[in-house]
>>> print(open('upload05.txt').read())   # compact mmCIF, C-alpha atoms
# COMPACT_ATOMS: atom_id res chain seq x y z
CA MET Z 1 0.00 0.00 0.00
CA HIS Z 2 1.09 3.57 -0.71
CA LEU Z 3 1.67 6.00 2.17
CA ARG Z 4 2.75 9.63 2.34
CA TYR Z 5 5.40 10.91 4.72
CA SER Z 6 5.63 14.68 5.04
CA TYR Z 7 8.64 16.63 6.34
CA ARG Z 8 9.43 20.29 6.78
CA LEU Z 9 11.90 21.87 4.34
CA TYR Z 10 14.19 24.83 5.03
CA PRO Z 11 15.48 26.12 1.67
CA THR Z 12 17.92 29.00 1.41
CA ALA Z 13 16.98 32.33 -0.18
CA GLY Z 14 18.45 31.26 -3.52
CA GLN Z 15 16.66 27.92 -3.36
CA CYS Z 16 13.37 29.71 -2.61
CA GLN Z 17 13.82 31.70 -5.81
CA ALA Z 18 14.58 28.52 -7.77
CA LEU Z 19 11.50 26.83 -6.30
CA ALA Z 20 9.34 29.85 -7.16
CA ARG Z 21 10.65 29.71 -10.73
CA THR Z 22 9.84 25.98 -10.92
CA PHE Z 23 6.36 26.56 -9.49
CA GLY Z 24 5.71 29.16 -12.16
CA CYS Z 25 7.03 27.07 -15.05
CA ALA Z 26 5.00 24.03 -13.97
CA ARG Z 27 1.88 26.20 -13.77
CA VAL Z 28 2.49 27.63 -17.27
CA VAL Z 29 3.01 24.15 -18.75
CA PHE Z 30 -0.20 22.94 -17.10
CA ASN Z 31 -2.16 25.89 -18.48
CA ASP Z 32 -0.63 25.53 -21.96
CA GLY Z 33 -1.47 21.82 -22.02
CA LEU Z 34 -5.02 22.54 -20.88
CA ALA Z 35 -5.45 25.18 -23.58
CA VAL Z 36 -4.20 22.76 -26.27
CA ARG Z 37 -6.53 20.00 -25.13
CA LYS Z 38 -9.52 22.35 -25.00
CA ALA Z 39 -8.77 23.64 -28.51
CA ALA Z 40 -8.43 20.11 -29.89
CA TRP Z 41 -11.71 19.07 -28.30
CA ARG Z 42 -13.56 22.09 -29.68
CA ALA Z 43 -12.11 21.49 -33.15
CA ASP Z 44 -12.88 17.85 -33.78
CA ARG Z 45 -13.58 16.19 -30.37
CA SER Z 46 -10.10 14.64 -30.37
CA ARG Z 47 -7.97 13.79 -27.35
CA ILE Z 48 -4.24 14.45 -27.52
CA ALA Z 49 -1.95 11.74 -26.15
CA LEU Z 50 0.29 12.63 -23.24
CA GLY Z 51 3.51 12.15 -25.25
CA ALA Z 52 2.35 14.41 -28.09
CA LEU Z 53 1.17 17.01 -25.58
CA ALA Z 54 4.56 17.00 -23.79
CA LYS Z 55 6.35 17.47 -27.10
CA ALA Z 56 4.14 20.44 -28.00
CA VAL Z 57 4.15 22.39 -24.72
CA ILE Z 58 7.62 21.44 -23.38
CA THR Z 59 10.09 20.22 -26.01
CA ASP Z 60 8.95 22.44 -28.89
CA ALA Z 61 8.05 25.34 -26.61
CA LYS Z 62 11.62 25.58 -25.28
CA ARG Z 63 12.80 26.42 -28.80
CA THR Z 64 10.57 29.48 -29.00
CA ALA Z 65 11.43 32.92 -27.67
CA GLU Z 66 8.20 33.08 -25.61
CA ARG Z 67 8.93 29.89 -23.66
CA ALA Z 68 12.73 29.64 -23.75
CA TRP Z 69 12.90 30.13 -19.98
CA LEU Z 70 11.33 26.69 -19.48
CA ALA Z 71 14.84 25.23 -19.97
CA ALA Z 72 15.94 26.84 -16.67
CA VAL Z 73 13.97 24.36 -14.55
CA SER Z 74 13.85 20.58 -14.27
CA VAL Z 75 11.99 18.90 -17.10
CA ASP Z 76 10.87 16.21 -14.62
CA ALA Z 77 8.70 18.73 -12.75
CA LEU Z 78 7.18 19.95 -16.03
CA GLN Z 79 6.33 16.42 -17.16
CA SER Z 80 4.77 15.70 -13.78
CA SER Z 81 2.56 18.75 -14.25
CA LEU Z 82 1.24 17.32 -17.53
CA ARG Z 83 0.67 13.95 -15.87
CA ASP Z 84 -1.46 15.74 -13.30
CA LEU Z 85 -3.47 17.30 -16.12
CA ASP Z 86 -3.97 13.90 -17.73
CA ALA Z 87 -5.07 12.41 -14.40
CA ALA Z 88 -7.57 15.27 -13.94
CA TYR Z 89 -9.11 14.54 -17.33
CA ARG Z 90 -9.26 10.81 -16.59
CA GLY Z 91 -11.02 11.54 -13.32
CA PHE Z 92 -13.60 13.68 -15.12
CA PHE Z 93 -14.34 11.12 -17.82
CA ASP Z 94 -14.45 8.27 -15.29
CA ALA Z 95 -16.95 10.24 -13.19
CA VAL Z 96 -19.13 10.93 -16.24
CA SER Z 97 -19.10 7.26 -17.27
CA GLY Z 98 -19.61 5.99 -13.70
CA LYS Z 99 -16.23 4.26 -13.50
CA ARG Z 100 -14.73 6.52 -10.86
CA ARG Z 101 -14.15 4.80 -7.55
CA GLY Z 102 -16.28 6.29 -4.82
CA GLY Z 103 -18.62 8.05 -7.24
CA GLY Z 104 -19.31 11.74 -6.90
CA ARG Z 105 -19.12 14.56 -9.39
CA VAL Z 106 -15.79 15.76 -10.77
CA GLY Z 107 -15.48 18.87 -12.92
CA LEU Z 108 -13.20 19.57 -15.83
CA PRO Z 109 -9.67 20.84 -15.09
CA VAL Z 110 -9.41 24.62 -14.77
CA PHE Z 111 -6.53 27.01 -15.40
CA LYS Z 112 -4.18 27.65 -12.49
CA SER Z 113 -3.62 31.18 -11.20
CA ARG Z 114 -0.32 32.68 -10.17
CA LYS Z 115 -2.13 34.27 -7.21
CA GLU Z 116 -2.89 30.93 -5.59
CA SER Z 117 -1.49 30.88 -2.05
CA ARG Z 118 -0.67 27.17 -2.28
CA GLN Z 119 1.89 25.97 -4.84
CA SER Z 120 3.23 22.47 -5.50
CA ILE Z 121 5.50 20.56 -7.85
CA ARG Z 122 6.32 16.87 -8.03
CA PHE Z 123 9.54 15.05 -8.87
CA SER Z 124 9.78 11.41 -9.91
CA ARG Z 125 12.77 9.16 -9.17
CA ASN Z 126 14.81 10.91 -11.88
CA GLY Z 127 14.37 14.34 -10.33
CA PHE Z 128 15.48 13.88 -6.71
CA ARG Z 129 17.75 11.94 -4.41
CA ILE Z 130 18.41 11.81 -0.68
CA ARG Z 131 22.02 12.58 0.14
CA GLY Z 132 24.06 10.76 2.73
CA ASN Z 133 24.13 13.89 4.89
CA GLY Z 134 20.29 13.92 5.04
CA LYS Z 135 19.71 16.71 2.55
CA LEU Z 136 17.23 16.41 -0.31
CA ASN Z 137 18.73 17.06 -3.72
CA LEU Z 138 16.23 18.43 -6.26
CA ALA Z 139 17.09 18.75 -9.93
CA LYS Z 140 18.30 22.30 -10.80
CA ILE Z 141 17.51 23.48 -7.27
CA GLY Z 142 20.25 21.91 -5.14
CA ASP Z 143 20.54 20.27 -1.75
CA VAL Z 144 17.70 21.40 0.52
CA ARG Z 145 17.81 20.98 4.26
CA VAL Z 146 15.13 18.62 5.64
CA ARG Z 147 13.97 18.15 9.19
CA TRP Z 148 13.60 14.38 9.44
CA SER Z 149 11.02 13.85 12.18
CA ARG Z 150 10.97 10.09 11.48
CA LYS Z 151 12.74 7.65 9.22
CA LEU Z 152 11.32 6.68 5.85
CA PRO Z 153 10.25 3.00 5.91
CA ALA Z 154 11.25 2.45 2.25
CA ASP Z 155 12.75 4.21 -0.75
CA PRO Z 156 10.28 6.84 -2.00
CA SER Z 157 8.95 6.70 -5.54
CA SER Z 158 8.21 10.42 -5.79
CA VAL Z 159 8.31 13.62 -3.78
CA THR Z 160 5.97 16.59 -3.88
CA ILE Z 161 7.27 19.98 -2.79
CA VAL Z 162 4.48 22.07 -1.29
CA LEU Z 163 4.46 25.77 -0.39
CA ASP Z 164 1.46 26.34 1.89
CA PRO Z 165 -0.35 29.68 2.44
CA ALA Z 166 1.64 30.21 5.64
CA GLY Z 167 4.89 30.31 3.67
CA ARG Z 168 6.14 26.92 4.86
CA TYR Z 169 7.81 24.38 2.58
CA HIS Z 170 7.10 20.66 2.92
CA ALA Z 171 8.36 17.55 1.16
CA SER Z 172 5.75 14.81 0.81
CA PHE Z 173 7.28 11.42 -0.07
CA VAL Z 174 5.28 8.50 -1.47
CA VAL Z 175 6.49 5.10 -0.26
CA ASP Z 176 5.20 1.59 -0.85
CA VAL Z 177 4.94 -0.43 2.37
CA ALA Z 178 3.30 -3.69 3.42
CA PRO Z 179 0.26 -3.54 5.75
CA ASP Z 180 1.18 -3.74 9.43
CA VAL Z 181 -1.62 -6.00 10.69
CA LEU Z 182 -2.24 -5.76 14.43
CA PRO Z 183 -3.25 -8.75 16.57
CA GLU Z 184 -6.97 -9.47 16.40
CA LEU Z 185 -9.20 -8.36 19.25
CA ASP Z 186 -12.71 -9.25 20.36
CA ALA Z 187 -13.68 -5.64 21.04
CA GLU Z 188 -16.04 -3.83 18.68
CA VAL Z 189 -17.40 -0.33 19.11
CA GLY Z 190 -20.05 1.94 17.66
CA ILE Z 191 -19.42 5.70 17.57
CA ASP Z 192 -22.00 8.48 17.68
CA LEU Z 193 -20.51 11.81 16.58
CA GLY Z 194 -21.85 15.13 17.82
CA LEU Z 195 -21.06 18.73 18.72
CA THR Z 196 -21.80 18.90 22.45
CA THR Z 197 -19.44 15.97 22.90
CA TYR Z 198 -17.26 15.06 19.94
CA ALA Z 199 -17.95 11.33 20.13
CA VAL Z 200 -19.64 8.84 22.43
CA LEU Z 201 -18.55 5.22 22.12
CA SER Z 202 -20.85 2.28 22.75
CA ASP Z 203 -18.61 1.12 25.62
CA GLY Z 204 -19.36 4.36 27.49
CA THR Z 205 -16.23 6.32 26.55
CA VAL Z 206 -16.89 10.03 25.98
CA ILE Z 207 -14.55 12.18 23.86
CA ASP Z 208 -14.98 15.88 24.58
CA ASN Z 209 -15.17 18.36 21.71
CA PRO Z 210 -11.92 20.41 21.74
CA ARG Z 211 -13.37 23.25 19.56
CA PHE Z 212 -9.99 24.42 18.27
CA LEU Z 213 -11.41 27.05 15.93
CA ARG Z 214 -13.74 28.51 18.53
CA LYS Z 215 -10.90 28.86 21.03
CA ALA Z 216 -8.70 30.64 18.47
CA GLU Z 217 -11.40 33.01 17.18
CA LYS Z 218 -10.14 35.98 19.17
CA ARG Z 219 -6.62 35.69 17.77
CA LEU Z 220 -7.91 35.06 14.26
CA LYS Z 221 -10.24 38.04 14.44
CA ALA Z 222 -7.39 40.36 15.45
CA ALA Z 223 -5.16 39.12 12.62
CA GLN Z 224 -7.96 39.44 10.06
CA ARG Z 225 -8.77 42.98 11.26
CA GLU Z 226 -5.13 43.95 10.83
CA LEU Z 227 -5.13 42.53 7.30
CA SER Z 228 -8.26 44.44 6.30
CA ARG Z 229 -6.60 47.74 7.20
CA LYS Z 230 -3.61 47.28 4.90
CA ALA Z 231 -3.55 48.81 1.43
CA LYS Z 232 -4.16 46.32 -1.34
CA GLY Z 233 -1.01 45.41 -3.22
CA SER Z 234 1.33 46.66 -0.49
CA LYS Z 235 4.09 44.65 1.13
CA ASN Z 236 2.53 45.18 4.55
CA ARG Z 237 -0.67 43.54 3.30
CA ALA Z 238 1.35 40.54 2.10
CA LYS Z 239 2.93 40.25 5.54
CA ALA Z 240 -0.47 40.53 7.23
CA ARG Z 241 -1.89 37.85 4.92
CA ILE Z 242 0.87 35.44 5.94
CA LYS Z 243 0.14 36.22 9.58
CA VAL Z 244 -3.52 35.27 9.10
CA ALA Z 245 -2.52 32.11 7.23
CA ARG Z 246 -0.14 31.07 10.01
CA ALA Z 247 -2.87 31.53 12.61
CA HIS Z 248 -5.20 29.29 10.61
CA ALA Z 249 -2.40 26.78 10.00
CA LYS Z 250 -1.80 26.50 13.74
CA VAL Z 251 -5.47 25.65 14.30
CA ALA Z 252 -5.46 23.10 11.47
CA ASP Z 253 -2.23 21.46 12.64
CA THR Z 254 -3.48 21.22 16.23
CA ARG Z 255 -6.74 19.67 15.09
CA LYS Z 256 -4.98 17.18 12.81
CA ASP Z 257 -2.61 16.12 15.60
CA TRP Z 258 -5.55 15.58 17.97
CA LEU Z 259 -7.49 13.58 15.37
CA HIS Z 260 -4.47 11.35 14.69
CA LYS Z 261 -4.12 10.55 18.38
CA GLN Z 262 -7.81 9.77 18.86
CA THR Z 263 -8.16 7.61 15.73
CA THR Z 264 -4.95 5.69 16.48
CA ARG Z 265 -6.18 4.87 19.99
CA ILE Z 266 -9.57 3.70 18.70
CA ILE Z 267 -7.99 1.55 15.99
CA ARG Z 268 -5.56 -0.11 18.41
CA GLU Z 269 -8.25 -0.90 20.99
CA ASN Z 270 -10.98 -2.27 18.69
CA GLN Z 271 -11.21 -4.86 15.93
CA ALA Z 272 -14.26 -3.29 14.28
CA ILE Z 273 -15.50 0.31 14.37
CA TYR Z 274 -18.93 1.39 13.18
CA LEU Z 275 -19.88 4.94 12.23
CA GLU Z 276 -22.98 6.73 10.99
CA ASP Z 277 -22.90 8.15 7.46
CA LEU Z 278 -23.48 11.80 8.35
CA ASN Z 279 -24.45 14.35 5.70
CA VAL Z 280 -21.54 16.62 6.56
CA ARG Z 281 -21.88 18.67 3.37
CA GLY Z 282 -25.50 19.47 4.13
CA LEU Z 283 -24.82 20.22 7.81
CA GLY Z 284 -21.96 22.50 6.73
CA ARG Z 285 -24.47 24.78 5.03
CA GLY Z 286 -26.74 25.22 8.04
CA LEU Z 287 -26.80 27.39 11.14
CA LEU Z 288 -24.15 25.24 12.84
CA ALA Z 289 -21.76 25.38 9.86
CA LYS Z 290 -18.80 26.79 11.77
CA SER Z 291 -19.07 24.20 14.52
CA VAL Z 292 -19.52 21.39 11.98
CA HIS Z 293 -16.41 22.40 10.04
CA ASP Z 294 -14.49 22.82 13.29
CA ALA Z 295 -15.38 19.25 14.28
CA ALA Z 296 -13.93 17.83 11.00
CA TRP Z 297 -16.03 14.66 11.07
CA SER Z 298 -15.05 13.75 7.50
CA THR Z 299 -11.35 13.89 8.40
CA PHE Z 300 -12.03 11.74 11.46
CA ARG Z 301 -13.75 9.12 9.30
CA ARG Z 302 -11.07 9.25 6.60
CA MET Z 303 -8.29 8.72 9.14
CA LEU Z 304 -10.11 5.76 10.65
CA GLU Z 305 -10.61 4.16 7.23
CA GLU Z 306 -6.97 4.68 6.22
CA LYS Z 307 -5.58 3.30 9.47
CA ALA Z 308 -8.02 0.38 9.43
CA ALA Z 309 -6.76 -0.61 5.98
CA ARG Z 310 -3.17 -0.40 7.21
CA TYR Z 311 -3.60 -2.25 10.51
CA GLY Z 312 -6.14 -4.90 9.49
CA ARG Z 313 -9.21 -3.46 11.22
CA HIS Z 314 -12.79 -3.21 9.97
CA ILE Z 315 -14.76 0.00 9.45
CA GLY Z 316 -18.53 -0.25 9.00
CA ILE Z 317 -20.72 2.65 7.87
CA VAL Z 318 -24.38 2.70 8.91
CA HIS Z 319 -26.75 4.46 6.51
CA ARG Z 320 -27.72 7.98 7.51
CA THR Z 321 -31.45 7.13 7.49
CA PHE Z 322 -30.98 4.62 10.32
CA PRO Z 323 -32.96 6.03 13.32
CA SER Z 324 -30.22 5.54 15.89
CA SER Z 325 -31.64 8.17 18.28
CA GLN Z 326 -35.21 6.86 18.10
CA LEU Z 327 -34.66 3.19 18.92
CA CYS Z 328 -34.31 1.66 22.35
CA SER Z 329 -31.03 -0.24 22.45
CA ALA Z 330 -32.46 -2.62 25.06
CA CYS Z 331 -35.68 -3.81 23.40
CA GLY Z 332 -35.67 -2.24 19.93
CA HIS Z 333 -38.85 -0.19 20.43
CA ARG Z 334 -38.99 2.89 18.21
CA ASP Z 335 -39.91 5.80 20.43
CA GLY Z 336 -40.09 8.45 17.70
CA PRO Z 337 -38.04 11.56 16.89
CA LYS Z 338 -36.87 13.87 19.64
CA PRO Z 339 -35.59 17.48 19.68
CA LEU Z 340 -31.86 17.98 20.11
CA ALA Z 341 -32.52 19.51 23.53
CA VAL Z 342 -33.66 16.09 24.82
CA ARG Z 343 -30.45 14.44 26.05
CA THR Z 344 -32.02 11.68 28.18
CA TRP Z 345 -35.23 9.73 27.71
CA THR Z 346 -37.02 6.64 28.97
CA CYS Z 347 -38.26 3.91 26.66
CA GLY Z 348 -42.05 3.71 26.60
CA ALA Z 349 -42.01 -0.05 26.10
CA CYS Z 350 -39.45 -1.40 28.58
CA ALA Z 351 -39.02 1.69 30.83
CA VAL Z 352 -35.23 1.64 30.49
CA PRO Z 353 -33.66 5.12 30.86
CA HIS Z 354 -31.23 6.13 28.11
CA ASP Z 355 -28.58 8.72 27.49
CA ARG Z 356 -29.30 9.95 23.96
CA ASP Z 357 -25.74 9.68 22.59
CA LEU Z 358 -24.82 6.42 24.33
CA ASN Z 359 -28.03 4.80 23.18
CA ALA Z 360 -27.37 5.95 19.60
CA ALA Z 361 -23.83 4.54 19.74
CA ARG Z 362 -25.15 1.15 20.90
CA ASN Z 363 -27.73 1.11 18.10
CA ILE Z 364 -25.01 1.97 15.56
CA LEU Z 365 -22.93 -0.93 16.92
CA ALA Z 366 -25.86 -3.35 16.57
CA ALA Z 367 -26.71 -2.19 13.04
CA GLY Z 368 -23.08 -2.33 11.97
CA ARG Z 369 -22.64 -5.84 13.33
CA ALA Z 370 -25.76 -7.04 11.52
CA ASP Z 371 -24.56 -5.57 8.26
CA ARG Z 372 -21.04 -6.94 8.63
CA LEU Z 373 -21.90 -10.46 9.70
CA ASN Z 374 -24.86 -10.72 7.32
CA ALA Z 375 -25.69 -13.97 9.04
CA PRO Z 376 -29.30 -15.22 8.86
CA GLY Z 377 -30.71 -15.08 12.35
CA GLY Z 378 -27.57 -13.37 13.66
CA PRO Z 379 -27.64 -10.98 16.62
CA VAL Z 380 -29.04 -7.71 15.34
CA ARG Z 381 -29.75 -6.09 18.70
CA PRO Z 382 -27.74 -5.96 21.89
CA GLY Z 383 -29.33 -7.92 24.68
CA VAL Z 384 -31.66 -10.01 22.47
CA ALA Z 385 -30.60 -13.66 22.23
CA ILE Z 386 -31.28 -15.48 18.94
CA PRO Z 387 -31.55 -19.30 19.06
CA HIS Z 388 -29.48 -21.40 16.72
CA ARG Z 389 -32.48 -22.47 14.58
CA ALA Z 390 -33.80 -18.93 14.16
CA ARG Z 391 -35.60 -17.96 10.97
CA PRO Z 392 -33.32 -16.21 8.44
CA VAL Z 393 -33.68 -12.44 8.14
CA GLU Z 394 -32.55 -11.01 4.80
CA ARG Z 395 -29.96 -8.28 4.74
CA GLY Z 396 -31.52 -4.88 4.21
CA THR Z 397 -34.94 -5.90 5.54
CA HIS Z 398 -36.69 -3.14 7.49
CA ARG Z 399 -36.40 -3.55 11.22
CA ASN Z 400 -40.17 -3.65 11.79
CA ALA Z 401 -40.54 -6.25 9.03
CA ALA Z 402 -37.98 -8.44 10.81
CA ASP Z 403 -40.20 -8.33 13.91
CA ALA Z 404 -43.24 -9.64 12.02
CA GLY Z 405 -42.31 -13.28 12.66
CA ARG Z 406 -41.39 -12.81 16.32
CA LYS Z 407 -43.45 -14.05 19.25
CA PRO Z 408 -44.33 -11.21 21.64
CA ARG Z 409 -42.93 -11.49 25.12
CA ALA Z 410 -44.94 -11.06 28.28
CA ASP Z 411 -43.49 -7.61 28.96
CA GLY Z 412 -44.53 -6.32 25.53
CA ALA Z 413 -41.01 -6.21 24.10
CA ALA Z 414 -39.98 -7.88 20.87
CA GLY Z 415 -39.33 -11.58 21.35
CA VAL Z 416 -37.38 -14.22 19.50
CA PRO Z 417 -38.37 -15.40 16.03
CA ALA Z 418 -41.17 -17.95 15.92
CA LEU Z 419 -39.90 -21.45 15.21
>>> encode(input="upload05.txt", output="structure tokens")
Amino acid sequence: MHLRYSYRLYPTAGQCQALARTFGCARVVFNDGLAVRKAAWRADRSRIALGALAKAVITDAKRTAERAWLAAVSVDALQSSLRDLDAAYRGFFDAVSGKRRGGGRVGLPVFKSRKESRQSIRFSRNGFRIRGNGKLNLAKIGDVRVRWSRKLPADPSSVTIVLDPAGRYHASFVVDVAPDVLPELDAEVGIDLGLTTYAVLSDGTVIDNPRFLRKAEKRLKAAQRELSRKAKGSKNRAKARIKVARAHAKVADTRKDWLHKQTTRIIRENQAIYLEDLNVRGLGRGLLAKSVHDAAWSTFRRMLEEKAARYGRHIGIVHRTFPSSQLCSACGHRDGPKPLAVRTWTCGACAVPHDRDLNAARNILAAGRADRLNAPGGPVRPGVAIPHRARPVERGTHRNAADAGRKPRADGAAGVPAL
């Protein structure tokens, strides 16, 4: 499997100029290639091959007076820029034809702007090497100092040099490593995500919401106010913009570090983790948008899925229409929707008191187990025993339909399937 390892770079002033020149040349080649492909498509609906495109916008362009300065930078970075363009087109056509993994809409590639605050270039094996003294040698840039926070597990196949909005340089290496499967455990957990508390696990663990953005709002507001008072186009405005970007980068880095620690602990302590498929995009457009974005639920889920694939764990996603907050985790009775202000409630069928989030986490665990095992007559609810000769229940069957063949118990709760 492919992993990325990112390290901080500290180029000299001359190397910063060389990197800026390479960023600009790669951007121009990308835009030229995009313009050629658009013109060919408008003319006769033809698609230009990557080799012919590289010859037109790199090899032949270097011989012209308008693009002669392309020879001053590494050709490997320019070719990588065209490969990115080709990958963007493939992603668009795969999305249109339904072949794209994960689905979703992908737009056509757009022209890059020199005013973008984030710049990046990529070097393949021919464009970089790691020196014996620990420095990173980049073609036509030189040996750049790297802060090695950890050792690379294997020889990298490529490196991407990134200049972020805060003015920091990073080197992102791609390495191919074997999965590091952890010993199997019997523990499984369901997770209910929220805003009052970040997450409640079905075993009773509560993870408080750190609210990193909310806590930094005062500092961010002061930096943004200072930026708004600077004259547009001035050097002082550029300095103030970097100050705002660094304040936001500190919040993002702190959040990412916290998410890594939480997801790593959950992965190491559980064999299977079940989550609810939240509509984060829709929630991010509502009244609680700032708090939703600050929580970064999508990043939390992505980290869990990536680490589960690496360490041999299972991630189950429960459909967003599953009424986790309406069902009693003890007897399965559906008690109906409740306002968000209701944090505790008592089941009307079995009179068991419930904490709203803990009950939802237990229901997510039960639904995730049923979907994963997909075993006819398997345990689909916590606390309800199913005999060995139970009637099969098809996967995807509505919960109330599954109760149609059950004998009612004396206390009014759902019983076991009729034999």
>>> closest_residue(input="upload05.txt", among="Z:Ile273, Z:Leu287, Z:Val352, Z:Leu278", to="Ala366 (chain Z)", atoms="all atoms listed in the file")
Z:Ile273
>>> atom_distance(input="upload05.txt", atom1="CA of Tyr7 (chain Z)", atom2="CA of Asp164 (chain Z)")
12.9 Å
>>> residues_around(input="upload05.txt", residues="His248 (chain Z)", least_positions_apart="6", cutoff="9 Å", atoms="all atoms listed in the file", output="mmCIF file with C-alpha atoms, in the coordinates of the input")
data_model
loop_
_atom_site.group_PDB
_atom_site.id
_atom_site.type_symbol
_atom_site.label_atom_id
_atom_site.label_comp_id
_atom_site.auth_asym_id
_atom_site.auth_seq_id
_atom_site.Cartn_x
_atom_site.Cartn_y
_atom_site.Cartn_z
ATOM 1 C CA ALA Z 166 1.640 30.210 5.640
ATOM 2 C CA LEU Z 213 -11.410 27.050 15.930
ATOM 3 C CA ALA Z 216 -8.700 30.640 18.470
ATOM 4 C CA LEU Z 220 -7.910 35.060 14.260
#
>>> residues_near_point(input="upload05.txt", point="(-11.6, 16.1, -15.3)", cutoff="6 Å", atoms="all atoms listed in the file", output="ChimeraX atom specification")
/Z:88-92,107-109
>>> atom_distance(input="upload05.txt", atom1="CA of Ala54 (chain Z)", atom2="CA of Leu163 (chain Z)")
25.0 Å
>>> decode(input="upload05.txt", residues="region 358-369 of chain Z", atoms="N, CA and C atoms", output="compact mmCIF listing (two decimals), in the first residue's frame")
# COMPACT_ATOMS: atom_id res chain seq x y z
N LEU Z 358 -25.25 7.79 24.05
CA LEU Z 358 -24.82 6.42 24.33
C LEU Z 358 -25.77 5.41 23.71
N ASN Z 359 -27.06 5.69 23.79
CA ASN Z 359 -28.03 4.80 23.18
C ASN Z 359 -27.85 4.75 21.66
N ALA Z 360 -27.60 5.91 21.05
CA ALA Z 360 -27.37 5.95 19.60
C ALA Z 360 -26.12 5.16 19.22
N ALA Z 361 -25.06 5.27 20.02
CA ALA Z 361 -23.83 4.54 19.74
C ALA Z 361 -24.06 3.03 19.82
N ARG Z 362 -24.86 2.58 20.78
CA ARG Z 362 -25.15 1.15 20.90
C ARG Z 362 -26.00 0.66 19.73
N ASN Z 363 -26.93 1.49 19.27
CA ASN Z 363 -27.73 1.11 18.10
C ASN Z 363 -26.87 1.05 16.84
N ILE Z 364 -25.93 1.98 16.70
CA ILE Z 364 -25.01 1.97 15.56
C ILE Z 364 -24.16 0.70 15.59
N LEU Z 365 -23.71 0.31 16.78
CA LEU Z 365 -22.93 -0.93 16.92
C LEU Z 365 -23.75 -2.14 16.48
N ALA Z 366 -25.01 -2.21 16.93
CA ALA Z 366 -25.86 -3.35 16.57
C ALA Z 366 -26.14 -3.39 15.07
N ALA Z 367 -26.44 -2.23 14.48
CA ALA Z 367 -26.71 -2.19 13.04
C ALA Z 367 -25.46 -2.51 12.23
N GLY Z 368 -24.31 -2.03 12.68
CA GLY Z 368 -23.08 -2.33 11.97
C GLY Z 368 -22.71 -3.79 12.04
N ARG Z 369 -22.91 -4.41 13.19
CA ARG Z 369 -22.64 -5.84 13.33
C ARG Z 369 -23.55 -6.66 12.41
